[in-house]
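Asker: Below is a structure I'd like to ask you about.
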Amino acid sequence: MPFNISNFKSNIENYGVLQNNKFELYIRPPNILINTLINDGNNQISMNDITRLLKFRAEDVRVPGISHLTADIARYGVGPTFKFPFNSNINEISLTFLSDRYGFIWQFWHNWMKTIFDFNGSDDATNGARNRQPTYTTEYRDNYSTEMQIIIYDNVGEDYIKINLHKAFPISFRDIMLDWADNNELLTISVNITFTEFTIQSSTIENNKDDENVIYFSGYEPTTSTVTP
């Protein structure tokens, strides 16, 4: 069938497009950080304010991907093989934030990492004296994991995709390069996030009531408008 530009234009007009620069990120502080403050001796910020700060400072977010783990199976023991899926691998994601001038975002991720596994001691916020030694112990997952949500909008601000990350927590805080030659560079904070599973909110597969052999995603029913070839 030859390419028909009218059909292509009609498809774009009917179903529209999404762009990767219209999104929001929501992070609920983990239980172990709820009702706490970040205090550096001169300034402080509550976890509620940190949540709002993270929302506006999220520069880029990598949405999780999925890959099936497969084994090569020969149907008759010999001969051609086929891929047999036996598990799924959900990729970790990365988040990048534009740092605030007080370093609150930097301190938030540092302290969250420290509550997961107590890898270092602490300095007193008032006089800088070291006052506690690390325990080198791991916290319970229910205390340090949380829920995150990525919302993707269309060009008029309607939210069409909501991705929920369950039992999420940071597993790495990337090193930050400081360089006298970078006169016009802004400092950014990058972390890697892992989670147990993720869902696309309100997305299910249902049987088509008109044709039991056809299935489609809920909320994505074919348009009733006609397209002239």
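Going by the structure tokens order, chains are called A, B, ..., each with residues numbered from 1, while ligands are numbered from 1 in the order shown.
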Per DSSP on the backbone, what are the strand (DSSP E or B) residues of region 1-35 of chain A, as a ChimeraX atom specification?
Answerer: /A:23-27
Asker: Name all residues at most 9 Å from Tyr136 (chain A) (count only C-alpha atoms; drop same-chain ones fewer than 5 positions away) and give them as number ranges by chain.
Answerer: A: 117-120
Asker: What's the 10 Å shell around Tyr26 (chain A), counting only C-alpha atoms, without same-chain residues fewer than 6 positions away, as a list of chain:residue names?
Answerer: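 After dropping sequence-adjacent residues, the list is A:Thr51, A:Arg52, A:Leu54, A:Lys55, A:Phe56, A:Ala58, A:Glu147, A:Met148, A:Gln149, A:Ile150, A:Ile151, A:Asn164.
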Asker: Fewer than 4 positions away in the same chain doesn't count, so skip those; otherwise give me all residues within 9 Å of Gly16 (chain A), counting only C-alpha atoms, as a list of chain:residue names.
Answerer: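 Skipping anything fewer than 4 positions along the chain leaves A:Asn11, A:Ile12, A:Asp154.
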Asker: Give me every alpha helix (DSSP H) residue in region 132-162 of chain A, going by DSSP on the backbone, as number ranges by chain.
Answerer: A: 141-144
Asker: Using only C-alpha atoms, which of A:Asn31, A:Gln44, A:Ser94, A:Gln19 sits nearest Pro64 (chain A)?
Answerer: A:Ser94
Asker: With distances taken over only C-alpha atoms, which of A:Phe97, A:Ser6, A:Thr194, A:Thr135 is nearest to Asp60 (chain A)?
Answerer: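 The answer is A:Phe97, which sits nearest to Asp60 (chain A).
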Asker: So that I can see what lies close to Glu185 (chain A), please list as a PDB file with all heavy atoms, in the first residue's frame the residues with an atom at most 12 Å from it, counting only C-alpha atoms and leaving out residues fewer than 6 positions away in the same chain.
Answerer:
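Saved file result14.pdb follows:
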ATOM      1  N   LEU A  98      18.590  20.445  39.298  1.00  0.00           N
ATOM      2  CA  LEU A  98      19.335  21.694  39.344  1.00  0.00           C
ATOM      3  C   LEU A  98      19.485  22.095  40.807  1.00  0.00           C
ATOM      4  O   LEU A  98      18.497  22.264  41.523  1.00  0.00           O
ATOM      5  CB  LEU A  98      18.595  22.773  38.560  1.00  0.00           C
ATOM      6  CG  LEU A  98      19.262  24.143  38.470  1.00  0.00           C
ATOM      7  CD1 LEU A  98      20.571  24.051  37.710  1.00  0.00           C
ATOM      8  CD2 LEU A  98      18.316  25.140  37.805  1.00  0.00           C
ATOM      9  N   SER A  99      20.724  22.250  41.258  1.00  0.00           N
ATOM     10  CA  SER A  99      20.972  22.519  42.679  1.00  0.00           C
ATOM     11  C   SER A  99      20.471  23.902  43.081  1.00  0.00           C
ATOM     12  O   SER A  99      20.559  24.866  42.313  1.00  0.00           O
ATOM     13  CB  SER A  99      22.470  22.412  42.978  1.00  0.00           C
ATOM     14  OG  SER A  99      22.734  22.729  44.327  1.00  0.00           O
ATOM     15  N   MET A 177      31.552  17.128  39.513  1.00  0.00           N
ATOM     16  CA  MET A 177      32.788  17.758  39.062  1.00  0.00           C
ATOM     17  C   MET A 177      32.726  19.263  39.295  1.00  0.00           C
ATOM     18  O   MET A 177      31.803  19.935  38.841  1.00  0.00           O
ATOM     19  CB  MET A 177      33.006  17.466  37.577  1.00  0.00           C
ATOM     20  CG  MET A 177      34.201  18.191  36.966  1.00  0.00           C
ATOM     21  SD  MET A 177      35.790  17.642  37.668  1.00  0.00           S
ATOM     22  CE  MET A 177      35.923  16.011  36.924  1.00  0.00           C
ATOM     23  N   LEU A 178      33.707  19.772  40.015  1.00  0.00           N
ATOM     24  CA  LEU A 178      33.866  21.214  40.208  1.00  0.00           C
ATOM     25  C   LEU A 178      35.099  21.662  39.426  1.00  0.00           C
ATOM     26  O   LEU A 178      36.158  21.036  39.522  1.00  0.00           O
ATOM     27  CB  LEU A 178      34.030  21.549  41.688  1.00  0.00           C
ATOM     28  CG  LEU A 178      32.906  21.087  42.625  1.00  0.00           C
ATOM     29  CD1 LEU A 178      33.231  21.453  44.075  1.00  0.00           C
ATOM     30  CD2 LEU A 178      31.564  21.693  42.218  1.00  0.00           C
ATOM     31  N   ASP A 179      34.952  22.717  38.646  1.00  0.00           N
ATOM     32  CA  ASP A 179      36.033  23.123  37.749  1.00  0.00           C
ATOM     33  C   ASP A 179      36.033  24.642  37.617  1.00  0.00           C
ATOM     34  O   ASP A 179      35.015  25.243  37.253  1.00  0.00           O
ATOM     35  CB  ASP A 179      35.824  22.464  36.375  1.00  0.00           C
ATOM     36  CG  ASP A 179      37.017  22.630  35.455  1.00  0.00           C
ATOM     37  OD1 ASP A 179      37.827  23.552  35.674  1.00  0.00           O
ATOM     38  OD2 ASP A 179      37.137  21.847  34.491  1.00  0.00           O
TER      39      ASP A 179
END
Asker: I want to know what sits within 12 Å of Phe104 (chain A), based on only C-alpha atoms, with residues of the same chain fewer than 6 positions away left out; could you give that as a CSV table (one decimal) with N, CA, C and O atoms, in the first residue's frame?
Answerer:
chain,number,residue,atom,x,y,z
A,37,LEU,N,13.8,17.9,59.5
A,37,LEU,CA,14.4,19.1,58.9
A,37,LEU,C,15.8,18.8,58.5
A,37,LEU,O,16.5,18.0,59.0
A,38,ILE,N,16.2,19.5,57.4
A,38,ILE,CA,17.6,19.6,57.0
A,38,ILE,C,18.1,20.9,57.6
A,38,ILE,O,17.6,22.0,57.3
A,39,ASN,N,19.1,20.8,58.4
A,39,ASN,CA,19.7,22.0,59.1
A,39,ASN,C,21.2,22.0,58.9
A,39,ASN,O,21.9,21.1,59.3
A,40,ASP,N,21.7,23.1,58.3
A,40,ASP,CA,23.1,23.2,58.1
A,40,ASP,C,23.8,24.2,59.0
A,40,ASP,O,24.9,24.6,58.8
A,42,ASN,N,23.0,27.3,59.5
A,42,ASN,CA,22.6,28.6,59.1
A,42,ASN,C,21.2,28.7,58.5
A,42,ASN,O,20.5,29.7,58.6
A,43,ASN,N,20.8,27.6,57.8
A,43,ASN,CA,19.5,27.6,57.2
A,43,ASN,C,18.9,26.2,57.4
A,43,ASN,O,19.6,25.2,57.7
A,44,GLN,N,17.6,26.1,57.3
A,44,GLN,CA,16.9,24.9,57.5
A,44,GLN,C,15.7,24.8,56.5
A,44,GLN,O,15.2,25.8,56.1
A,45,ILE,N,15.3,23.6,56.2
A,45,ILE,CA,14.2,23.4,55.4
A,45,ILE,C,13.4,22.1,55.8
A,45,ILE,O,14.1,21.1,56.2
A,46,SER,N,12.1,22.1,55.7
A,46,SER,CA,11.3,21.0,56.1
A,46,SER,C,11.2,20.0,54.9
A,46,SER,O,11.5,20.4,53.8
A,47,MET,N,10.9,18.8,55.2
A,47,MET,CA,10.7,17.8,54.2
A,47,MET,C,9.6,18.1,53.2
A,47,MET,O,9.7,17.8,52.0
A,49,ASP,N,8.8,21.2,52.2
A,49,ASP,CA,9.4,22.1,51.3
A,49,ASP,C,10.4,21.5,50.4
A,49,ASP,O,10.5,21.9,49.2
A,50,ILE,N,11.1,20.5,50.8
A,50,ILE,CA,12.1,19.8,50.0
A,50,ILE,C,11.3,19.1,48.8
A,50,ILE,O,11.8,19.1,47.7
A,51,THR,N,10.1,18.5,49.1
A,51,THR,CA,9.3,17.9,48.1
A,51,THR,C,9.0,18.9,47.0
A,51,THR,O,9.0,18.6,45.8
A,52,ARG,N,8.6,20.1,47.4
A,52,ARG,CA,8.2,21.1,46.4
A,52,ARG,C,9.5,21.6,45.6
A,52,ARG,O,9.4,21.8,44.4
A,53,LEU,N,10.6,21.6,46.3
A,53,LEU,CA,11.8,22.0,45.7
A,53,LEU,C,12.2,21.0,44.6
A,53,LEU,O,12.6,21.4,43.5
A,54,LEU,N,12.1,19.7,44.9
A,54,LEU,CA,12.5,18.7,44.0
A,54,LEU,C,11.6,18.7,42.8
A,54,LEU,O,12.1,18.5,41.6
A,57,ARG,N,12.8,21.5,40.5
A,57,ARG,CA,14.2,21.4,40.1
A,57,ARG,C,14.6,20.2,39.4
A,57,ARG,O,15.8,20.0,39.0
A,97,PHE,N,18.9,16.9,39.1
A,97,PHE,CA,18.2,18.1,39.7
A,97,PHE,C,19.2,19.3,39.6
A,97,PHE,O,20.4,19.2,39.7
A,98,LEU,N,18.6,20.4,39.3
A,98,LEU,CA,19.3,21.7,39.3
A,98,LEU,C,19.5,22.1,40.8
A,98,LEU,O,18.5,22.3,41.5
A,110,HIS,N,22.1,13.1,50.1
A,110,HIS,CA,23.1,12.6,51.0
A,110,HIS,C,22.6,11.9,52.2
A,110,HIS,O,23.0,10.8,52.6
A,111,ASN,N,21.7,12.7,52.9
A,111,ASN,CA,21.1,12.1,54.1
A,111,ASN,C,20.2,10.9,53.9
A,111,ASN,O,20.1,10.0,54.8
A,189,ILE,N,22.7,17.8,40.4
A,189,ILE,CA,22.7,16.6,41.3
A,189,ILE,C,22.1,15.4,40.6
A,189,ILE,O,21.0,15.5,40.1
Asker: Please identify all polymer residues within 8 Å of Asp142 (chain A), counting only C-alpha atoms, omitting same-chain residues fewer than 2 positions from it, and present them as a ChimeraX atom specification.
Answerer: /A:31,140,144-146,167
Asker: Between CA of Phe108 (chain A) and CA of Ser172 (chain A), what is the spacing in Å?
Answerer: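 Computed distance, CA of Ser172 (chain A) to CA of Phe108 (chain A), equals 13.2 Å.
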